[in-house]
Amino acid sequence: MEKLIYLLVRPMETDRRVFTPRLLEAGRAMLGLGPQGLRVNVQDAAVDWGEASDHHPALGRVSPHGPFEAVVQLWLDDVSAPVRAPYEALMAEVAGAAHGYHVAERLLVTDLLQGASPGGRNDGYSQMAMLQIPPRLTREAWLSAWQDRHTWVALSIHPHLEYIQNVVLRAVTEGAPPVAGFGEEAFPMAGLHDERPLFPRAGSEAEYKVLYQVMYEDAARFIDFDRLDMLVSSQFDLRVVER
């Protein structure tokens with residue numbers, strides 16, 4: 001079984017309130033194609049983070065490639081072009097662009113409460129970072145800083161509902177922006193507008209600031225924040241993959 005991640009750009013002429021249901025409808029159509037797993041992440045009204053960019057540098061950025069407002073994740077037995085084509089055609093009907101990547105998934109935490117009905121909204125909110133390799137690092141050094149040291153730091157600090165690291169193996173669509181990895185984390189809704197609940201070990205404001213600095217400095221070892229795209233989204237598992 002292989003995994004694909006698609007970054008979707010909402011058409012400028014399509015209102016977000018229209019885009020979300022259209023995308024979920026396209027997702028339900030994709031189920032008829034028989035994927036092993038299907039997940040849709042979309043920036044809808046439930047994650048209207050407003051001024052939350054104050055607590056994360058990436059949220060205030062306007063990507064030169066986007067803005068990305070949705071992600072479709074597919075698990076397939078075969079990711080060759082003929083198999084991908086009908087999925088990509090359905091995405092093209094609703095998205096202004098859909099950039100696809102073949103990835104290697106590393107599942108570290110899964111403690112999500114799924115929607116009450118198939119395709120319902122999952123618990124919490126999803127935060128997906130689209131990572132590039134800083135010019136100062138080799139790919140090997142970048143992977144080590146992310147998957148070795150930072151994994152331990154992140155898991156020891158944050159109350160994850162889910163944590164997945166996706167390393168890009170190759171782009172599968174022409175003109176896909178340069179992305180080396182996708183860091184996918186799900187958190188309780190309490191952390192959407194205030195990051196303090198994401199640092200539950202902090203017993204005081206001073207301890208929170210220390211832990212925040214530890215997290216930020218460690219992330220900066222493998223992330224250039226001025227080259228980072230971030231999607232904060234609601235998450236819908238239309239078909240839960242059996243890993």
# chains A, B, ... in the order shown; residues from 1 in each chain; ligands from 1
$ residues_around --residues "range 36-43 of chain A" --least-positions-apart "3" --cutoff "8 Å" --atoms "only C-alpha atoms" --output "VMD selection string"
chain A and resid 1 20 24 27 31 46 to 48 69 to 77 126 231 to 242
$ write_last_selection --atoms "C-alpha atoms" --output "PDB file, in the first residue's frame"
ATOM      1  CA  MET A   1       0.000   0.000   0.000  1.00  0.00           C
ATOM      2  CA  THR A  20     -15.769  22.832   1.487  1.00  0.00           C
ATOM      3  CA  LEU A  24     -16.274  16.614   0.443  1.00  0.00           C
ATOM      4  CA  GLY A  27     -14.214  12.907  -1.837  1.00  0.00           C
ATOM      5  CA  LEU A  31     -14.747   6.369  -2.605  1.00  0.00           C
ATOM      6  CA  ALA A  46     -14.550  25.298  12.382  1.00  0.00           C
ATOM      7  CA  VAL A  47     -10.877  26.332  12.223  1.00  0.00           C
ATOM      8  CA  ASP A  48     -11.259  30.045  11.588  1.00  0.00           C
ATOM      9  CA  GLU A  69      -6.704  25.530   1.723  1.00  0.00           C
ATOM     10  CA  ALA A  70      -7.148  21.778   1.527  1.00  0.00           C
ATOM     11  CA  VAL A  71      -5.311  18.474   1.381  1.00  0.00           C
ATOM     12  CA  VAL A  72      -6.483  15.144   0.006  1.00  0.00           C
ATOM     13  CA  GLN A  73      -4.669  12.053   1.261  1.00  0.00           C
ATOM     14  CA  LEU A  74      -5.029   8.741  -0.539  1.00  0.00           C
ATOM     15  CA  TRP A  75      -3.817   5.253   0.307  1.00  0.00           C
ATOM     16  CA  LEU A  76      -3.674   3.047  -2.798  1.00  0.00           C
ATOM     17  CA  ASP A  77      -2.216  -0.303  -3.778  1.00  0.00           C
ATOM     18  CA  SER A 126      -5.174  19.305  12.123  1.00  0.00           C
ATOM     19  CA  LEU A 231      -2.468  24.487   6.764  1.00  0.00           C
ATOM     20  CA  VAL A 232      -4.737  24.552   9.813  1.00  0.00           C
ATOM     21  CA  SER A 233      -7.796  22.482   8.990  1.00  0.00           C
ATOM     22  CA  SER A 234     -10.720  20.310   9.928  1.00  0.00           C
ATOM     23  CA  GLN A 235     -10.101  16.653   9.185  1.00  0.00           C
ATOM     24  CA  PHE A 236     -12.485  14.123   7.647  1.00  0.00           C
ATOM     25  CA  ASP A 237     -11.670  10.424   7.243  1.00  0.00           C
ATOM     26  CA  LEU A 238     -13.984   9.280   4.477  1.00  0.00           C
ATOM     27  CA  ARG A 239     -12.367   5.853   4.613  1.00  0.00           C
ATOM     28  CA  VAL A 240     -10.120   4.980   7.539  1.00  0.00           C
ATOM     29  CA  VAL A 241      -6.992   3.222   6.361  1.00  0.00           C
ATOM     30  CA  GLU A 242      -6.038  -0.054   8.033  1.00  0.00           C
TER      31      GLU A 242
END
$ select_by_dssp --residues "range 74-234 of chain A" --states "alpha helix (DSSP H)" --output "mmCIF file with C-alpha atoms, in the first residue's frame"
data_model
loop_
_atom_site.group_PDB
_atom_site.id
_atom_site.type_symbol
_atom_site.label_atom_id
_atom_site.label_comp_id
_atom_site.auth_asym_id
_atom_site.auth_seq_id
_atom_site.Cartn_x
_atom_site.Cartn_y
_atom_site.Cartn_z
ATOM 1 C CA ALA A 81 -0.455 7.541 -13.412
ATOM 2 C CA PRO A 82 -3.398 5.552 -14.851
ATOM 3 C CA VAL A 83 -4.637 4.713 -11.348
ATOM 4 C CA ARG A 84 -4.182 8.267 -10.089
ATOM 5 C CA ALA A 85 -5.883 9.872 -13.092
ATOM 6 C CA PRO A 86 -9.562 9.485 -12.068
ATOM 7 C CA TYR A 87 -8.842 10.788 -8.566
ATOM 8 C CA GLU A 88 -6.969 13.773 -9.961
ATOM 9 C CA ALA A 89 -9.812 14.452 -12.408
ATOM 10 C CA LEU A 90 -12.293 14.688 -9.524
ATOM 11 C CA MET A 91 -9.994 17.074 -7.665
ATOM 12 C CA ALA A 92 -9.606 19.211 -10.790
ATOM 13 C CA GLU A 93 -13.375 19.690 -10.903
ATOM 14 C CA VAL A 94 -13.355 21.592 -7.594
ATOM 15 C CA ARG A 139 18.900 15.773 3.039
ATOM 16 C CA GLU A 140 20.416 13.300 5.501
ATOM 17 C CA ALA A 141 21.045 15.994 8.121
ATOM 18 C CA TRP A 142 17.553 17.408 7.610
ATOM 19 C CA LEU A 143 15.911 14.020 8.076
ATOM 20 C CA SER A 144 17.943 13.359 11.209
ATOM 21 C CA THR A 151 10.346 13.662 17.202
ATOM 22 C CA TRP A 152 11.438 13.182 20.807
ATOM 23 C CA VAL A 153 11.041 16.904 21.619
ATOM 24 C CA ALA A 154 7.562 17.129 20.064
ATOM 25 C CA LEU A 155 6.242 13.965 21.682
ATOM 26 C CA SER A 156 7.574 14.935 25.103
ATOM 27 C CA ILE A 157 5.951 18.398 25.017
ATOM 28 C CA GLU A 205 3.723 31.300 32.484
ATOM 29 C CA ALA A 206 7.500 31.211 32.897
ATOM 30 C CA GLU A 207 7.613 27.443 32.301
ATOM 31 C CA TYR A 208 5.368 27.847 29.250
ATOM 32 C CA LYS A 209 7.774 30.386 27.757
ATOM 33 C CA VAL A 210 10.727 28.080 28.373
ATOM 34 C CA LEU A 211 9.022 25.088 26.733
ATOM 35 C CA TYR A 212 7.838 27.246 23.830
ATOM 36 C CA GLN A 213 11.399 28.403 23.247
ATOM 37 C CA VAL A 214 12.695 24.833 23.410
ATOM 38 C CA MET A 215 10.146 23.771 20.789
ATOM 39 C CA TYR A 216 10.763 26.772 18.526
ATOM 40 C CA GLU A 217 14.556 26.499 18.654
ATOM 41 C CA ASP A 218 14.491 22.783 17.958
ATOM 42 C CA ALA A 219 12.132 23.237 14.998
#
$ closest_residue --among "A:Pro21, A:Pro118, A:Gly100, A:Pro135" --to "Leu8 in chain A" --atoms "only C-alpha atoms"
A:Gly100
$ select_by_dssp --residues "range 1-239 of chain A" --states "strand (DSSP E)" --output "PyMOL selection string"
chain A and resi 2-9+37-42+68-76+97-110+125-131+162-171+181-187+229-239
$ atom_distance --atom1 "CA of Ile223 in chain A" --atom2 "CA of Pro177 in chain A"
16.4 Å
$ closest_residue --among "A:Leu137, A:Ile164, A:Ala45, A:Leu169" --to "Glu2 in chain A" --atoms "only C-alpha atoms"
A:Leu169
$ closest_atom_pairs --of "range 110-172 of chain A" --to "range 198-202 of chain A" --cutoff "9 Å" --atoms "only C-alpha atoms" --output "tab-separated table"
residue	atom	partner	partner_atom	distance
A:Ile157	CA	A:Phe199	CA	6.0
A:His158	CA	A:Leu198	CA	5.3
A:Pro159	CA	A:Leu198	CA	6.1
A:His160	CA	A:Leu198	CA	8.3
$ closest_residue --among "A:Arg221, A:Arg28, A:Arg10, A:Arg136" --to "Gly120 in chain A" --atoms "only C-alpha atoms"
A:Arg28
$ closest_residue --among "A:Thr110, A:Asn122, A:Gln132, A:Gln147" --to "Tyr163 in chain A" --atoms "only C-alpha atoms"
A:Thr110
$ atom_distance --atom1 "CA of Phe222 in chain A" --atom2 "CA of Ala145 in chain A"
5.9 Å
$ decode --residues "range 142-175 of chain A" --atoms "C-alpha atoms" --output "PDB file, in the first residue's frame"
ATOM      1  CA  TRP A 142      17.553  17.408   7.610  1.00  0.00           C
ATOM      2  CA  LEU A 143      15.911  14.020   8.076  1.00  0.00           C
ATOM      3  CA  SER A 144      17.943  13.359  11.209  1.00  0.00           C
ATOM      4  CA  ALA A 145      17.069  16.725  12.750  1.00  0.00           C
ATOM      5  CA  TRP A 146      13.364  16.174  12.010  1.00  0.00           C
ATOM      6  CA  GLN A 147      12.825  12.473  12.538  1.00  0.00           C
ATOM      7  CA  ASP A 148      15.304  11.775  15.306  1.00  0.00           C
ATOM      8  CA  ARG A 149      15.770  14.703  17.678  1.00  0.00           C
ATOM      9  CA  HIS A 150      12.592  16.700  16.943  1.00  0.00           C
ATOM     10  CA  THR A 151      10.346  13.662  17.202  1.00  0.00           C
ATOM     11  CA  TRP A 152      11.438  13.182  20.807  1.00  0.00           C
ATOM     12  CA  VAL A 153      11.041  16.904  21.619  1.00  0.00           C
ATOM     13  CA  ALA A 154       7.562  17.129  20.064  1.00  0.00           C
ATOM     14  CA  LEU A 155       6.242  13.965  21.682  1.00  0.00           C
ATOM     15  CA  SER A 156       7.574  14.935  25.103  1.00  0.00           C
ATOM     16  CA  ILE A 157       5.951  18.398  25.017  1.00  0.00           C
ATOM     17  CA  HIS A 158       2.693  18.321  23.031  1.00  0.00           C
ATOM     18  CA  PRO A 159      -0.578  16.440  23.756  1.00  0.00           C
ATOM     19  CA  HIS A 160      -0.983  15.038  20.253  1.00  0.00           C
ATOM     20  CA  LEU A 161      -4.179  13.427  19.069  1.00  0.00           C
ATOM     21  CA  GLU A 162      -2.183  12.364  16.036  1.00  0.00           C
ATOM     22  CA  TYR A 163       1.354  12.834  14.737  1.00  0.00           C
ATOM     23  CA  ILE A 164       2.486  11.673  11.293  1.00  0.00           C
ATOM     24  CA  GLN A 165       5.694  12.435   9.424  1.00  0.00           C
ATOM     25  CA  ASN A 166       5.456  12.093   5.646  1.00  0.00           C
ATOM     26  CA  VAL A 167       8.711  12.166   3.668  1.00  0.00           C
ATOM     27  CA  VAL A 168       8.224  13.056   0.011  1.00  0.00           C
ATOM     28  CA  LEU A 169       9.591  10.413  -2.344  1.00  0.00           C
ATOM     29  CA  ARG A 170       8.661  12.253  -5.543  1.00  0.00           C
ATOM     30  CA  ALA A 171       6.201  14.721  -6.988  1.00  0.00           C
ATOM     31  CA  VAL A 172       3.564  13.053  -9.171  1.00  0.00           C
ATOM     32  CA  THR A 173       2.073  16.156 -10.825  1.00  0.00           C
ATOM     33  CA  GLU A 174       3.822  18.565 -13.146  1.00  0.00           C
ATOM     34  CA  GLY A 175       4.863  21.870 -11.614  1.00  0.00           C
TER      35      GLY A 175
END
